[in-house]
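A.B. asks: Sharing upload22.cif, mmCIF, C-alpha atoms and all ligand atoms:
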```cif
data_final
loop_
_atom_site.label_atom_id
_atom_site.label_comp_id
_atom_site.auth_asym_id
_atom_site.auth_seq_id
_atom_site.Cartn_x
_atom_site.Cartn_y
_atom_site.Cartn_z
CA MET A 1 21.58 16.55 -5.71
CA ASN A 2 21.12 14.53 -8.87
CA ARG A 3 17.41 13.66 -9.09
CA VAL A 4 17.98 10.06 -10.19
CA CYS A 5 20.17 9.46 -7.13
CA GLU A 6 17.62 11.11 -4.90
CA ILE A 7 14.71 9.01 -6.22
CA LEU A 8 16.58 5.71 -6.12
CA GLY A 9 18.62 6.30 -2.96
CA ILE A 10 21.94 5.68 -4.74
CA LYS A 11 25.27 7.53 -4.99
CA TYR A 12 25.77 7.68 -8.78
CA PRO A 13 23.12 7.87 -11.54
CA VAL A 14 24.43 4.74 -13.26
CA ILE A 15 21.81 2.03 -13.75
CA GLN A 16 22.91 -1.39 -14.97
CA ALA A 17 20.27 -2.39 -17.51
CA PRO A 18 18.55 -5.77 -17.17
CA MET A 19 19.80 -8.35 -19.67
CA ALA A 20 18.16 -11.74 -20.00
CA TRP A 21 20.34 -14.62 -18.78
CA ILE A 22 23.58 -12.74 -18.23
CA THR A 23 22.80 -10.72 -15.13
CA SER A 24 23.44 -12.36 -11.78
CA SER A 25 23.46 -11.67 -8.08
CA ASP A 26 27.21 -11.00 -8.34
CA LEU A 27 26.85 -8.43 -11.12
CA VAL A 28 23.88 -6.67 -9.57
CA ALA A 29 25.47 -6.51 -6.12
CA ALA A 30 28.77 -5.28 -7.59
CA VAL A 31 27.03 -2.39 -9.37
CA SER A 32 24.92 -1.48 -6.33
CA ASN A 33 27.93 -1.72 -4.00
CA ALA A 34 29.80 0.63 -6.37
CA GLY A 35 27.07 3.25 -5.87
CA GLY A 36 24.98 2.59 -8.99
CA LEU A 37 21.77 0.57 -9.27
CA GLY A 38 22.08 -3.09 -10.22
CA VAL A 39 19.01 -4.64 -11.86
CA LEU A 40 18.20 -8.36 -11.98
CA GLY A 41 17.19 -9.44 -15.47
CA THR A 42 15.06 -12.47 -16.26
CA SER A 43 16.80 -15.76 -15.50
CA ALA A 44 19.45 -14.03 -13.37
CA ASP A 45 21.65 -16.74 -11.78
CA PHE A 46 19.61 -19.49 -13.51
CA THR A 47 21.81 -22.22 -14.90
CA GLU A 48 19.22 -24.15 -16.85
CA ILE A 49 16.20 -23.26 -18.91
CA VAL A 50 13.23 -23.15 -16.56
CA LYS A 51 9.82 -23.68 -18.07
CA GLY A 52 7.03 -23.00 -15.59
CA VAL A 53 6.02 -19.92 -13.66
CA GLU A 54 6.28 -21.63 -10.29
CA GLU A 55 9.80 -22.88 -10.93
CA THR A 56 10.82 -19.46 -12.25
CA VAL A 57 9.59 -17.75 -9.10
CA GLU A 58 11.41 -20.25 -6.86
CA GLU A 59 14.68 -19.70 -8.77
CA MET A 60 14.24 -15.93 -8.80
CA CYS A 61 13.53 -15.93 -5.08
CA ARG A 62 16.88 -17.67 -4.49
CA THR A 63 18.58 -15.10 -6.75
CA ILE A 64 17.03 -12.17 -4.87
CA ARG A 65 18.08 -13.60 -1.52
CA ARG A 66 21.65 -14.21 -2.72
CA THR A 67 21.78 -10.61 -3.97
CA LYS A 68 20.60 -9.36 -0.59
CA GLU A 69 23.42 -11.31 1.05
CA LEU A 70 25.93 -9.57 -1.22
CA THR A 71 24.67 -6.00 -0.88
CA ASP A 72 22.65 -3.91 1.53
CA LYS A 73 22.17 -1.26 -1.18
CA PRO A 74 19.05 -0.88 -3.34
CA PHE A 75 18.68 -2.95 -6.49
CA GLY A 76 15.91 -3.41 -9.03
CA ILE A 77 14.21 -6.13 -11.04
CA ASN A 78 13.05 -6.31 -14.66
CA VAL A 79 9.33 -6.76 -15.33
CA PHE A 80 7.00 -6.57 -18.31
CA PRO A 81 3.47 -5.25 -18.81
CA LYS A 82 0.47 -7.61 -18.70
CA ALA A 83 0.03 -7.35 -22.45
CA ALA A 84 3.45 -8.91 -22.97
CA ASP A 85 3.08 -11.53 -20.24
CA PRO A 86 0.64 -14.19 -21.50
CA TYR A 87 1.87 -16.89 -19.09
CA GLY A 88 2.06 -14.68 -16.00
CA PHE A 89 5.85 -14.84 -15.45
CA SER A 90 6.09 -11.12 -14.87
CA GLU A 91 3.00 -10.84 -12.71
CA ALA A 92 4.40 -13.54 -10.43
CA THR A 93 7.79 -11.80 -10.38
CA ILE A 94 6.17 -8.54 -9.29
CA ARG A 95 4.39 -10.32 -6.42
CA LEU A 96 7.71 -11.86 -5.43
CA ALA A 97 9.47 -8.47 -5.62
CA LYS A 98 6.88 -7.04 -3.25
CA GLU A 99 7.25 -9.92 -0.79
CA GLU A 100 11.03 -9.66 -0.88
CA GLY A 101 11.06 -5.89 -0.39
CA ILE A 102 12.54 -4.92 -3.77
CA LYS A 103 11.66 -1.29 -4.30
CA VAL A 104 12.49 -0.65 -7.95
CA LEU A 105 10.70 -2.08 -11.00
CA VAL A 106 12.45 -1.61 -14.33
CA VAL A 107 9.65 -1.99 -16.82
CA ALA A 108 10.16 -2.78 -20.49
CA GLY A 109 7.08 -2.42 -22.66
CA ASN A 110 4.01 -0.39 -23.30
CA VAL A 111 2.25 -0.22 -19.98
CA SER A 112 -1.25 0.96 -19.21
CA ALA A 113 -1.73 3.85 -16.83
CA ASP A 114 -3.64 1.51 -14.50
CA GLU A 115 -0.67 -0.83 -14.21
CA ILE A 116 1.68 2.02 -13.30
CA LYS A 117 -0.80 3.33 -10.75
CA ALA A 118 -1.15 -0.14 -9.18
CA TRP A 119 2.65 -0.49 -8.88
CA LYS A 120 2.90 2.94 -7.30
CA ASN A 121 0.14 2.03 -4.84
CA ASP A 122 2.20 -1.02 -3.92
CA GLY A 123 5.10 1.27 -3.04
CA PHE A 124 7.37 0.59 -6.01
CA THR A 125 9.59 3.13 -7.72
CA VAL A 126 8.90 2.73 -11.44
CA ILE A 127 11.56 3.13 -14.13
CA MET A 128 9.72 3.03 -17.47
CA ARG A 129 11.38 1.97 -20.69
CA GLU A 130 9.20 2.02 -23.75
CA PRO A 131 11.07 -0.16 -26.26
CA ASN A 132 9.98 2.13 -29.07
CA PRO A 133 10.21 5.38 -27.16
CA THR A 134 7.69 8.08 -28.01
CA VAL A 135 7.00 11.50 -26.60
CA ARG A 136 3.33 10.61 -26.09
CA GLY A 137 4.23 7.39 -24.27
CA ALA A 138 6.66 9.22 -21.99
CA ILE A 139 4.09 11.88 -21.11
CA GLU A 140 1.45 9.20 -20.43
CA ALA A 141 3.85 7.29 -18.17
CA GLU A 142 4.73 10.46 -16.30
CA THR A 143 1.05 11.35 -15.87
CA ALA A 144 0.31 7.85 -14.54
CA GLY A 145 3.01 8.26 -11.90
CA ALA A 146 6.23 6.75 -13.33
CA ASP A 147 9.30 8.07 -11.53
CA ILE A 148 11.96 7.90 -14.25
CA ILE A 149 11.83 7.50 -18.04
CA VAL A 150 14.44 5.64 -20.07
CA ALA A 151 15.12 7.04 -23.55
CA THR A 152 16.37 4.17 -25.70
CA GLY A 153 18.10 4.89 -28.97
CA CYS A 154 18.60 2.42 -31.78
CA ASP A 155 22.30 2.31 -30.90
CA GLU A 156 21.48 -0.13 -28.10
CA GLY A 157 22.24 -3.80 -27.67
CA GLY A 158 19.39 -6.30 -27.26
CA CYS A 159 16.08 -5.72 -29.04
CA MET A 160 16.47 -2.38 -30.70
CA PRO A 161 13.69 0.13 -31.10
CA SER A 162 12.21 -0.35 -34.53
CA LEU A 163 11.83 3.41 -34.72
CA THR A 164 15.04 4.81 -36.05
CA SER A 165 15.85 7.54 -33.53
CA GLY A 166 19.43 7.50 -32.35
CA THR A 167 20.30 7.75 -28.69
CA THR A 168 21.08 11.47 -28.71
CA ALA A 169 17.90 12.45 -30.53
CA VAL A 170 15.56 10.40 -28.38
CA THR A 171 17.17 11.61 -25.17
CA ALA A 172 16.96 15.25 -26.25
CA LEU A 173 13.32 14.81 -27.27
CA LEU A 174 11.97 12.98 -24.24
CA SER A 175 13.82 15.17 -21.74
CA GLU A 176 12.29 18.21 -23.42
CA TYR A 177 8.74 16.93 -22.94
CA VAL A 178 8.67 15.35 -19.46
CA ASN A 179 9.53 16.83 -16.09
CA ILE A 180 10.68 13.61 -14.42
CA PRO A 181 14.31 12.58 -14.99
CA VAL A 182 15.32 10.83 -18.20
CA LEU A 183 18.00 8.15 -18.36
CA VAL A 184 19.81 7.53 -21.61
CA ALA A 185 20.11 4.00 -23.03
CA GLY A 186 21.98 2.85 -26.11
CA GLY A 187 25.69 2.86 -26.70
CA ILE A 188 26.76 4.45 -23.42
CA VAL A 189 30.05 2.65 -23.17
CA ASN A 190 32.42 5.31 -21.87
CA GLU A 191 32.66 8.71 -20.22
CA LYS A 192 32.46 10.62 -23.50
CA MET A 193 29.18 8.97 -24.49
CA ALA A 194 27.73 9.63 -21.02
CA LEU A 195 28.79 13.27 -21.28
CA ALA A 196 27.21 13.64 -24.72
CA ALA A 197 23.93 12.28 -23.34
CA LYS A 198 24.10 14.61 -20.38
CA VAL A 199 24.57 17.60 -22.67
CA VAL A 200 21.30 16.81 -24.46
CA GLY A 201 19.28 16.22 -21.28
CA ALA A 202 20.04 12.87 -19.62
CA GLU A 203 20.24 12.89 -15.83
CA GLY A 204 21.79 9.46 -15.69
CA VAL A 205 22.74 6.43 -17.76
CA PHE A 206 21.07 3.04 -18.32
CA VAL A 207 23.75 0.68 -19.51
CA GLY A 208 23.80 -2.89 -20.74
CA THR A 209 26.64 -3.63 -23.11
CA ARG A 210 29.39 -1.96 -21.08
CA PHE A 211 28.50 -4.19 -18.15
CA ILE A 212 28.67 -7.32 -20.30
CA LEU A 213 32.36 -6.55 -20.62
CA SER A 214 32.84 -6.36 -16.86
CA LYS A 215 34.73 -8.78 -14.67
CA GLU A 216 31.58 -9.62 -12.72
CA CYS A 217 29.30 -10.37 -15.71
CA ARG A 218 28.66 -14.08 -16.08
CA ALA A 219 28.53 -14.04 -19.89
CA ALA A 220 30.86 -16.75 -21.20
CA ASP A 221 34.52 -15.78 -21.60
CA ALA A 222 34.18 -16.91 -25.22
CA THR A 223 31.33 -14.43 -25.70
CA LYS A 224 33.29 -11.59 -24.14
CA ALA A 225 36.31 -12.42 -26.29
CA ASP A 226 34.12 -12.60 -29.40
CA ILE A 227 32.64 -9.17 -28.67
CA MET A 228 36.07 -7.65 -28.00
CA ALA A 229 37.43 -9.13 -31.23
CA THR A 230 34.62 -8.04 -33.53
CA HIS A 231 35.40 -5.21 -35.92
CA PRO A 232 32.91 -2.30 -35.71
CA ASP A 233 31.92 -2.82 -39.34
CA ASP A 234 31.04 -6.45 -38.70
CA TYR A 235 27.70 -5.97 -36.99
CA ILE A 236 24.41 -6.37 -38.77
CA VAL A 237 20.87 -5.34 -38.01
CA PHE A 238 18.19 -7.82 -38.83
CA THR A 239 14.45 -7.69 -38.57
CA GLN A 240 12.68 -10.17 -36.38
CA MET A 241 9.23 -11.56 -36.81
CA ASP A 242 7.71 -8.90 -34.55
CA GLY A 243 9.28 -6.13 -36.57
CA ASN A 244 12.00 -5.18 -34.10
CA ALA A 245 15.60 -5.31 -35.11
CA ARG A 246 18.57 -6.44 -33.11
CA TRP A 247 22.26 -5.87 -33.25
CA ARG A 248 24.06 -9.09 -33.60
CA THR A 249 27.54 -10.10 -34.47
CA THR A 250 27.93 -10.84 -38.10
CA PRO A 251 28.62 -14.49 -38.53
CA HIS A 252 32.15 -13.36 -39.23
CA LYS A 253 33.51 -16.77 -38.41
CA HIS A 254 30.78 -18.87 -39.93
CA GLY A 255 29.31 -16.93 -42.83
CA PHE A 256 25.56 -17.08 -43.33
CA ALA A 257 25.55 -20.66 -42.06
CA GLY A 258 25.95 -19.03 -38.66
CA LEU A 259 22.63 -17.31 -39.01
CA GLU A 260 20.98 -20.50 -40.22
CA ALA A 261 22.32 -22.24 -37.15
CA ASN A 262 20.45 -19.91 -34.84
CA LYS A 263 17.89 -22.53 -33.98
CA HIS A 264 16.99 -21.00 -30.66
CA GLY A 265 16.23 -17.52 -31.82
CA ASN A 266 12.98 -16.78 -30.11
CA LEU A 267 12.40 -14.07 -27.58
CA ASN A 268 10.83 -16.04 -24.75
CA PRO A 269 13.23 -15.22 -21.90
CA PRO A 270 13.17 -18.67 -20.29
CA SER A 271 14.14 -20.39 -23.52
CA GLY A 272 15.75 -17.45 -25.21
CA SER A 273 18.70 -17.45 -27.48
CA PHE A 274 20.84 -15.44 -25.06
CA PHE A 275 21.18 -18.63 -23.03
CA TYR A 276 23.20 -20.18 -25.83
CA GLY A 277 24.79 -17.19 -27.47
CA MET A 278 25.78 -15.20 -24.41
CA LEU A 279 25.73 -17.40 -21.33
CA LYS A 280 27.03 -20.60 -22.87
CA GLY A 281 29.28 -18.83 -25.37
CA ASP A 282 28.07 -20.74 -28.40
CA PRO A 283 27.73 -18.15 -31.17
CA ASP A 284 26.51 -20.77 -33.62
CA ALA A 285 23.52 -21.64 -31.51
CA GLY A 286 22.33 -18.29 -30.25
CA VAL A 287 22.43 -14.57 -30.39
CA ASN A 288 25.31 -12.37 -29.38
CA THR A 289 23.88 -8.88 -29.21
CA VAL A 290 25.58 -5.65 -28.21
CA ALA A 291 25.56 -1.89 -28.84
CA ASN A 292 26.88 -0.54 -32.12
CA VAL A 293 29.86 1.19 -30.49
CA THR A 294 31.19 -1.77 -28.58
CA SER A 295 34.60 -1.44 -30.17
CA LEU A 296 35.11 1.71 -28.09
CA ILE A 297 35.44 -0.57 -25.06
CA LYS A 298 39.10 -1.37 -24.65
CA SER A 299 39.21 -3.62 -21.60
CA ILE A 300 37.17 -5.81 -19.30
CA ASP A 301 36.97 -3.82 -16.08
CA SER A 302 35.40 -4.14 -12.67
CA CYS A 303 31.87 -2.84 -12.17
CA GLU A 304 33.29 -0.35 -9.70
CA ASP A 305 35.61 1.15 -12.34
CA ILE A 306 32.80 1.24 -14.91
CA VAL A 307 30.36 2.94 -12.53
CA ASN A 308 33.00 5.50 -11.56
CA GLU A 309 33.81 6.29 -15.20
CA LEU A 310 30.21 6.64 -16.37
CA ALA A 311 29.28 8.72 -13.32
CA ARG A 312 31.99 11.34 -13.91
CA PRO A 313 29.95 13.67 -16.15
CA PHE A 314 27.22 13.81 -13.49
CA GLU A 315 29.50 14.51 -10.54
CA GLU A 316 28.66 18.18 -10.24
CA ASP A 317 24.90 17.67 -10.33
C1 LIG B 401 22.33 -9.12 -24.19
C2 LIG B 401 21.23 -8.19 -23.87
C3 LIG B 401 20.06 -8.68 -23.31
C4 LIG B 401 19.00 -7.82 -22.99
N1 LIG B 401 17.88 -8.33 -22.39
C5 LIG B 401 16.91 -7.48 -21.96
C6 LIG B 401 15.80 -7.98 -21.21
O1 LIG B 401 15.68 -9.16 -20.93
N2 LIG B 401 14.88 -7.07 -20.78
C7 LIG B 401 14.98 -5.73 -21.05
O2 LIG B 401 14.12 -4.97 -20.61
N3 LIG B 401 16.00 -5.25 -21.78
C8 LIG B 401 16.98 -6.08 -22.22
N4 LIG B 401 18.07 -5.58 -22.90
C9 LIG B 401 18.14 -4.15 -23.16
C10 LIG B 401 18.86 -3.46 -22.00
O3 LIG B 401 18.06 -3.47 -20.85
C11 LIG B 401 19.24 -2.00 -22.33
O4 LIG B 401 18.11 -1.30 -22.79
C12 LIG B 401 20.33 -1.90 -23.38
O5 LIG B 401 21.34 -2.85 -23.12
C13 LIG B 401 20.96 -0.52 -23.39
O6 LIG B 401 21.83 -0.37 -24.46
P1 LIG B 401 23.40 -0.72 -24.43
O7 LIG B 401 23.49 -2.22 -24.47
O8 LIG B 401 23.89 -0.08 -25.64
O9 LIG B 401 23.98 -0.18 -23.15
C14 LIG B 401 19.12 -6.44 -23.25
C15 LIG B 401 20.30 -5.94 -23.82
C16 LIG B 401 21.36 -6.79 -24.13
C17 LIG B 401 22.62 -6.23 -24.69
#
```
Have the structure of the file written as structure tokens, please.
Ligand SMILES: Cc1cc2nc3c(=O)[nH]c(=O)nc-3n(C[C@H](O)[C@H](O)[C@H](O)COP(=O)(O)O)c2cc1C
C.D. replies:
Amino acid sequence: MNRVCEILGIKYPVIQAPMAWITSSDLVAAVSNAGGLGVLGTSADFTEIVKGVEETVEEMCRTIRRTKELTDKPFGINVFPKAADPYGFSEATIRLAKEEGIKVLVVAGNVSADEIKAWKNDGFTVIMREPNPTVRGAIEAETAGADIIVATGCDEGGCMPSLTSGTTAVTALLSEYVNIPVLVAGGIVNEKMALAAKVVGAEGVFVGTRFILSKECRAADATKADIMATHPDDYIVFTQMDGNARWRTTPHKHGFAGLEANKHGNLNPPSGSFFYGMLKGDPDAGVNTVANVTSLIKSIDSCEDIVNELARPFEED
């Protein structure tokens, strides 16, 4: 049996990646019901910007309970290490996840061994995604008890690794050095890309962008249409204050004034720019970020169809 499926208790090794603002109970349940693993991102189901930790936990609790009403299959939740959580949003979310019986933490960031050990002691399955993936980091996470490693290449949507390894290279490297399963992330938008990743060592896929263009994703229709209409040459990479870079639509409609208009471009999930650019569909006010191969996606499909397609290369495992 495929090891990712075995560890997570799912049918297909297709993990829907957490994406701030645009995941929802509907999306997550649809992916989990299709046999993959849905993952709640920050602000999943939230309709307004929430400022405090307490309010965030209350909203997230409602989201988790709605998801449980929609699926009896496993699903995960996105959390961050202490070092990247100055206000305690993530710490509170982890406590909530434990209370609500969520078994899978999808961790983005550089985590200490002690944190991983504590999560394992609490009974969580830990999927570790180092935003700038390194062989040393993957080995350390494995040694501390992580269950699955995500290899993220700079082809991905969202905050890209500032290291320049492409998806194929980073997947081949990490899967060579760790014994636990490696998921590939970055530009896995169709069966061919999933197959290519499998050939170099991936045991499953970790997919954001393809699920944005799903029927169940709550990203604005205007955002989906904008992504579908953007020519592959019309994406740019830009460097943020923290040194990371992000794929973003070129201001192909608005010229550089579009970039200037990005008044909400900070990374704080509760007030993040994805709220405007992706959920509200206002490309002038926020970020619209996707993988570099998005133009390979030809239609907006159901999560079930997407899971089935991306799972095909792994069927014989
Ligand atoms: C719009 C968008 C928002 C994202 N937000 C988050 C986030 O809040 N937390 C996180 O860990 N990763 C986030 N990511 C990264 C994804 O979890 C995942 O690594 C990435 O989407 C995989 O690459 P792909 O989009 O090419 O499939 C985001 C990605 C996108 C496209």
A.B. asks: Which residues are near A:Gly76? Cut-off 9 Å, only C-alpha atoms, ignore same chain within fewer than 3 positions. Put them as a count of residues only.
C.D. replies: 13
A.B. asks: Between atom CA of A:Ala30 and atom CA of A:Glu54, what is the distance in Å, rounded to a tenth?
C.D. replies: 27.9 Å
A.B. asks: Any chance you could tabulate, as a Markdown table, the residues of chain A at most 8 Å from ligand LIG 401 (chain B) with each one's nearest atom pair and distance in Å to one decimal, using only C-alpha atoms and all ligand atoms, in chain and rising number order?
C.D. replies:
```
| residue | atom | partner | partner_atom | distance |
| --- | --- | --- | --- | --- |
| A:Gln16 | CA | B:LIG401 | O3 | 7.9 |
| A:Ala17 | CA | B:LIG401 | O3 | 4.1 |
| A:Pro18 | CA | B:LIG401 | O3 | 4.4 |
| A:Met19 | CA | B:LIG401 | N1 | 3.3 |
| A:Ala20 | CA | B:LIG401 | O1 | 3.7 |
| A:Trp21 | CA | B:LIG401 | C3 | 7.5 |
| A:Ile22 | CA | B:LIG401 | C1 | 7.1 |
| A:Gly41 | CA | B:LIG401 | O1 | 5.7 |
| A:Thr42 | CA | B:LIG401 | O1 | 5.8 |
| A:Asn78 | CA | B:LIG401 | O2 | 6.2 |
| A:Val79 | CA | B:LIG401 | O2 | 7.4 |
| A:Phe80 | CA | B:LIG401 | O2 | 7.7 |
| A:Val106 | CA | B:LIG401 | O2 | 7.3 |
| A:Val107 | CA | B:LIG401 | O2 | 6.6 |
| A:Ala108 | CA | B:LIG401 | O2 | 4.5 |
| A:Gly109 | CA | B:LIG401 | O2 | 7.8 |
| A:Arg129 | CA | B:LIG401 | O2 | 7.5 |
| A:Pro131 | CA | B:LIG401 | O4 | 7.9 |
| A:Thr152 | CA | B:LIG401 | O4 | 6.4 |
| A:Gly153 | CA | B:LIG401 | O6 | 7.9 |
| A:Asp155 | CA | B:LIG401 | O8 | 6.0 |
| A:Glu156 | CA | B:LIG401 | O8 | 3.4 |
| A:Gly157 | CA | B:LIG401 | O7 | 3.8 |
| A:Gly158 | CA | B:LIG401 | C15 | 3.6 |
| A:Cys159 | CA | B:LIG401 | C9 | 6.4 |
| A:Met160 | CA | B:LIG401 | C9 | 7.9 |
| A:Ala185 | CA | B:LIG401 | C13 | 4.6 |
| A:Gly186 | CA | B:LIG401 | O8 | 3.5 |
| A:Gly187 | CA | B:LIG401 | O8 | 3.6 |
| A:Ile188 | CA | B:LIG401 | O9 | 5.4 |
| A:Val189 | CA | B:LIG401 | O9 | 6.7 |
| A:Phe206 | CA | B:LIG401 | C13 | 6.2 |
| A:Val207 | CA | B:LIG401 | O9 | 3.7 |
| A:Gly208 | CA | B:LIG401 | O5 | 3.4 |
| A:Thr209 | CA | B:LIG401 | O7 | 3.7 |
| A:Arg210 | CA | B:LIG401 | O9 | 6.1 |
| A:Phe211 | CA | B:LIG401 | O9 | 7.8 |
| A:Ile212 | CA | B:LIG401 | C17 | 7.6 |
| A:Pro269 | CA | B:LIG401 | O1 | 6.6 |
| A:Phe274 | CA | B:LIG401 | C1 | 6.6 |
| A:Met278 | CA | B:LIG401 | C1 | 7.0 |
| A:Asn288 | CA | B:LIG401 | C1 | 6.8 |
| A:Thr289 | CA | B:LIG401 | C1 | 5.3 |
| A:Val290 | CA | B:LIG401 | C17 | 4.6 |
| A:Ala291 | CA | B:LIG401 | O8 | 4.0 |
| A:Asn292 | CA | B:LIG401 | O8 | 7.2 |
| A:Val293 | CA | B:LIG401 | O8 | 7.8 |
```
A.B. asks: Out of A:Ile127, A:Ile94, A:Ala146, A:Ala311, which residue has the shortest atom-to-atom distance to A:Gly204 when counting all atoms listed in the file?
C.D. replies: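 For A:Gly204, the nearest of the given residues is A:Ala311.
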A.B. asks: Please indicate the distance in Å from atom CA of A:Ala29 to atom CA of A:Asp226, rounded to one decimal place.
C.D. replies: 25.6 Å
A.B. asks: For A:Met1, find every residue with an atom within 9 Å (counting all atoms listed in the file), except residues of its own chain fewer than 5 positions away, and show them as a VMD selection string.
C.D. replies: chain A and resid 6 316 to 317
A.B. asks: In Å, with one decimal, what is the gap from atom CA of A:Ala197 to atom CA of A:Ser24?
C.D. replies: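 Between atom CA of A:Ala197 and atom CA of A:Ser24 the gap is 27.2 Å.
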A.B. asks: Name the closest residue to A:Ile148 among the candidates A:Ala222, A:Val14, A:Ile180, A:Leu213; distances are taken between atoms, counting all atoms listed in the file.
C.D. replies: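 Among the listed residues, the smallest separation from A:Ile148 belongs to A:Ile180.
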A.B. asks: Nearest to A:Lys98: which of A:Lys73, A:Ile64, A:Ala172, A:Met128 is it, counting all atoms listed in the file?
C.D. replies: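 Closest to A:Lys98, using all atoms listed in the file: A:Ile64.
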